[in-house]
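For reference, the structure discussed in these notes is given below.
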Amino acid sequence: MREKEILLISELDNKARRNISLNSLFSREKFENIPIIISHDANAGALADWWFDIEKIDLKGVVVHFLVGEGVGAGVINNGVVFTGSCGVAAEIGHVSIDHEGPLCVCGNNGCLEMYCSSLAFIRYAEEHRRTNKNSKLNNEIRLSADLIFSLAKEGDEIAMECVKNAAYFIALGCVNIINCYNPDTIIICNEMAKGGAMLLEIVKENVKKRVLSTLYEKVDIVISSFKGDDILFGAAAVAIDYCLKRPNILKKTTIFGEKSYAKNIEAI
Ligand SMILES: [Zn+2]
């Protein structure tokens with residue numbers, strides 16, 4: 001989506017994710033007077049949570065935006081500042097291995113968390129298990145979706161409930177790793193798997209409680225995101241605004257204030 005001087009990209013097409021040159025895509029010639037700022041999606045989501053706090057849960061301290069969708073990742077905010085790491089991907093929790101003998105992941109590691117609790121893994125698990133109970137309504141559909149599985153689970157379909165339980169177990173393992181790495185005040189479970197709502201959250205909490213020190217468990221608030229709309233898109237705007245507020249001179253260099261000037265090179269944050 002492009003609106004005047006700000007270009008917001010919520011996500012790239014799957015096929016376009018590899019071997020693309022952002023430098024040529026956002027070349028100086030095409031965007032002569034526009035500052036280009038690039039951020040990791042989970043970091044943008046984390047900033048959106050912090051800035052907009054849609055859930056009104058009074059965010060403070062360390063907040064982790066635990067993105068569990070087709071991919072799994074996290075954005076970490078420490079008192080309003082995103083912890084980016086060296087290349088902007090500090091909390092790639094989806095590529096923490098939970099089974100060193102597990103299947104090979106695209107990142108080169110084995111048994112990465114993403115392979116067990118992403119929405120794709122959730123659907124795959126349902127496809128593999130639905131035939132174990134011919135009464136499951138999951139068998140009535142050719143193509144499954146995360147929405148459908150959650151919906152049937154809430155209706156009491158046993159296989160669908162088992163799918164939610166399995167995904168929630170692995171999401172809990174992700175939360176445990178997040179807690180031990182970042183000692184957060186709040187973990188917000190976001191994106192497609194957040195649609196599991198209270199049913200999913202209850203199982204996540206049960207499993208987290210068993211696996212972390214009780215003092216840490218009592219300190220952390222684990223919630224399901226209730227952000228309406230595209231939190232990453234809001235986050236993209238928040239990233240751009242945050243960047244400009246921290247570097248007000250950049251605005252003088254754009255045409256926003258009618259000055260003929262130049263764009264900076266792409267900055268990844
Ligand atoms: Zn991996």
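Labeling convention for the structure tokens: chains A, B, ... as they appear, residues from 1 per chain, ligands from 1 in order of appearance.
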
Give me, as JSON lines, the closest atom pair and its distance (Å, one decimal) for every residue of segment 17-124 of chain A within a cut-off of 8 Å of segment 173-184 of chain A, counting only C-alpha atoms, rows sorted by chain and rising number.
```
{"residue": "A:Gly61", "atom": "CA", "partner": "A:Pro184", "partner_atom": "CA", "distance": 7.4}
{"residue": "A:Val62", "atom": "CA", "partner": "A:Pro184", "partner_atom": "CA", "distance": 4.7}
{"residue": "A:Val63", "atom": "CA", "partner": "A:Pro184", "partner_atom": "CA", "distance": 5.7}
{"residue": "A:Val64", "atom": "CA", "partner": "A:Pro184", "partner_atom": "CA", "distance": 6.7}
{"residue": "A:Ile93", "atom": "CA", "partner": "A:Gly174", "partner_atom": "CA", "distance": 6.8}
{"residue": "A:Gly94", "atom": "CA", "partner": "A:Gly174", "partner_atom": "CA", "distance": 7.7}
{"residue": "A:Leu113", "atom": "CA", "partner": "A:Gly174", "partner_atom": "CA", "distance": 7.0}
```

At most 6 Å is the cut-off: for each residue in chain A with any atom that close to an atom of ligand 1, write down the nearest atom pair and the distance in Å rounded to one decimal, counting only C-alpha atoms and all ligand atoms, chain first then increasing number, as JSON lines.
```
{"residue": "A:His95", "atom": "CA", "partner": "ligand 1", "partner_atom_place_in_ligand_line": "1 (Zn)", "distance": 3.9}
{"residue": "A:Cys105", "atom": "CA", "partner": "ligand 1", "partner_atom_place_in_ligand_line": "1 (Zn)", "distance": 4.5}
{"residue": "A:Val106", "atom": "CA", "partner": "ligand 1", "partner_atom_place_in_ligand_line": "1 (Zn)", "distance": 5.7}
{"residue": "A:Cys107", "atom": "CA", "partner": "ligand 1", "partner_atom_place_in_ligand_line": "1 (Zn)", "distance": 4.2}
{"residue": "A:Asn109", "atom": "CA", "partner": "ligand 1", "partner_atom_place_in_ligand_line": "1 (Zn)", "distance": 5.1}
{"residue": "A:Cys112", "atom": "CA", "partner": "ligand 1", "partner_atom_place_in_ligand_line": "1 (Zn)", "distance": 4.7}
```

Could you write out that same residue set with N, CA and C atoms as a CSV table (one decimal), in the first residue's frame?
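Output contents, as saved in result_36.csv:
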```csv
chain,number,residue,atom,x,y,z
A,95,HIS,N,13.3,-20.6,15.1
A,95,HIS,CA,14.4,-21.5,14.7
A,95,HIS,C,15.3,-21.9,15.9
A,105,CYS,N,15.2,-28.2,8.9
A,105,CYS,CA,14.5,-27.0,8.6
A,105,CYS,C,15.2,-26.2,7.5
A,106,VAL,N,14.5,-25.3,6.9
A,106,VAL,CA,15.2,-24.5,5.8
A,106,VAL,C,16.4,-23.7,6.3
A,107,CYS,N,16.4,-23.4,7.6
A,107,CYS,CA,17.5,-22.6,8.1
A,107,CYS,C,18.8,-23.5,8.3
A,109,ASN,N,19.0,-26.0,10.6
A,109,ASN,CA,19.0,-26.7,11.9
A,109,ASN,C,18.0,-27.8,11.8
A,112,CYS,N,13.3,-27.4,14.3
A,112,CYS,CA,13.0,-26.0,14.8
A,112,CYS,C,11.6,-25.9,15.2
```

Exercise for the section: Give the answer as one residue: which of A:Val76, A:Ala198, A:Leu67, A:Cys190 has the shortest atom-to-atom distance to Ser226 of chain A, using only C-alpha atoms? Expected result: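 Closest candidate: A:Cys190.
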
Could you make a table, as JSON lines, of the residues of segment 58-149 of chain A that have an atom within 10 Å of an atom of segment 37-42 of chain A, each with its nearest atom pair and distance in Å to one decimal, counting only C-alpha atoms, in chain and number order?
```
{"residue": "A:Val64", "atom": "CA", "partner": "A:Ala42", "partner_atom": "CA", "distance": 9.1}
{"residue": "A:His65", "atom": "CA", "partner": "A:Ala42", "partner_atom": "CA", "distance": 6.5}
{"residue": "A:Phe66", "atom": "CA", "partner": "A:Ala42", "partner_atom": "CA", "distance": 7.4}
{"residue": "A:Leu67", "atom": "CA", "partner": "A:Ala42", "partner_atom": "CA", "distance": 6.1}
{"residue": "A:Val68", "atom": "CA", "partner": "A:Ala42", "partner_atom": "CA", "distance": 9.6}
{"residue": "A:Val72", "atom": "CA", "partner": "A:Ala42", "partner_atom": "CA", "distance": 8.9}
{"residue": "A:Gly73", "atom": "CA", "partner": "A:Ala42", "partner_atom": "CA", "distance": 6.3}
{"residue": "A:Ala74", "atom": "CA", "partner": "A:Ala42", "partner_atom": "CA", "distance": 5.2}
{"residue": "A:Gly75", "atom": "CA", "partner": "A:Ala42", "partner_atom": "CA", "distance": 4.6}
{"residue": "A:Val76", "atom": "CA", "partner": "A:Ala42", "partner_atom": "CA", "distance": 8.3}
{"residue": "A:Thr84", "atom": "CA", "partner": "A:His40", "partner_atom": "CA", "distance": 8.6}
{"residue": "A:Cys87", "atom": "CA", "partner": "A:His40", "partner_atom": "CA", "distance": 9.5}
{"residue": "A:Gly88", "atom": "CA", "partner": "A:His40", "partner_atom": "CA", "distance": 6.4}
{"residue": "A:Val89", "atom": "CA", "partner": "A:His40", "partner_atom": "CA", "distance": 6.6}
{"residue": "A:Ala90", "atom": "CA", "partner": "A:His40", "partner_atom": "CA", "distance": 9.5}
{"residue": "A:Ala91", "atom": "CA", "partner": "A:Ala42", "partner_atom": "CA", "distance": 8.7}
{"residue": "A:Glu92", "atom": "CA", "partner": "A:Ala42", "partner_atom": "CA", "distance": 9.1}
```

Please dump the current selection as a short mmCIF file (atom, residue, chain, number, x, y, z; two decimals), in the first residue's frame; keep C-alpha atoms.
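File produced: part_39.cif:
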```
data_model
loop_
_atom_site.label_atom_id
_atom_site.label_comp_id
_atom_site.auth_asym_id
_atom_site.auth_seq_id
_atom_site.Cartn_x
_atom_site.Cartn_y
_atom_site.Cartn_z
CA VAL A 64 7.40 -10.02 23.56
CA HIS A 65 5.25 -10.10 20.43
CA PHE A 66 5.19 -13.87 19.81
CA LEU A 67 4.21 -14.15 16.16
CA VAL A 68 2.79 -17.61 15.41
CA VAL A 72 7.15 -18.29 13.90
CA GLY A 73 9.20 -15.44 15.32
CA ALA A 74 9.23 -12.83 18.04
CA GLY A 75 9.81 -9.13 18.53
CA VAL A 76 11.15 -7.98 21.88
CA THR A 84 16.97 -5.83 17.16
CA CYS A 87 20.91 -7.91 11.72
CA GLY A 88 17.43 -7.05 13.01
CA VAL A 89 16.36 -10.62 13.77
CA ALA A 90 17.29 -10.95 17.44
CA ALA A 91 14.41 -13.16 18.54
CA GLU A 92 14.04 -15.78 15.82
#
```

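Secondary structure from DSSP on the backbone puts strand (DSSP E or B) at the following positions of segment 59-151 of chain A: Val62, Val63, Val64, His65, Phe66, Leu67, Val68, Val72, Gly73, Ala74, Gly75, Val76, Ile77, Asn78, Val81, Val82, Ser97, Leu104, Asn110 and Cys112 of chain A.
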
Output the selection as a PDB file, in the first residue's frame - C-alpha atoms for each residue.
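See again.pdb below for the written result:
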```pdb
ATOM      1  CA  VAL A  62       9.775  -6.195  28.544  1.00  0.00           C
ATOM      2  CA  VAL A  63       7.057  -7.186  26.068  1.00  0.00           C
ATOM      3  CA  VAL A  64       7.397 -10.018  23.559  1.00  0.00           C
ATOM      4  CA  HIS A  65       5.253 -10.103  20.427  1.00  0.00           C
ATOM      5  CA  PHE A  66       5.190 -13.867  19.807  1.00  0.00           C
ATOM      6  CA  LEU A  67       4.213 -14.153  16.160  1.00  0.00           C
ATOM      7  CA  VAL A  68       2.791 -17.607  15.408  1.00  0.00           C
ATOM      8  CA  VAL A  72       7.149 -18.290  13.899  1.00  0.00           C
ATOM      9  CA  GLY A  73       9.200 -15.442  15.325  1.00  0.00           C
ATOM     10  CA  ALA A  74       9.228 -12.832  18.040  1.00  0.00           C
ATOM     11  CA  GLY A  75       9.806  -9.133  18.534  1.00  0.00           C
ATOM     12  CA  VAL A  76      11.147  -7.977  21.881  1.00  0.00           C
ATOM     13  CA  ILE A  77      10.488  -4.513  23.310  1.00  0.00           C
ATOM     14  CA  ASN A  78      12.416  -3.288  26.317  1.00  0.00           C
ATOM     15  CA  VAL A  81      12.893   0.158  22.492  1.00  0.00           C
ATOM     16  CA  VAL A  82      12.965  -2.796  20.088  1.00  0.00           C
ATOM     17  CA  SER A  97      15.598 -26.324  18.006  1.00  0.00           C
ATOM     18  CA  LEU A 104      15.630 -30.594   8.707  1.00  0.00           C
ATOM     19  CA  ASN A 110      16.952 -29.718  12.880  1.00  0.00           C
ATOM     20  CA  CYS A 112      13.024 -25.999  14.772  1.00  0.00           C
TER      21      CYS A 112
END
```
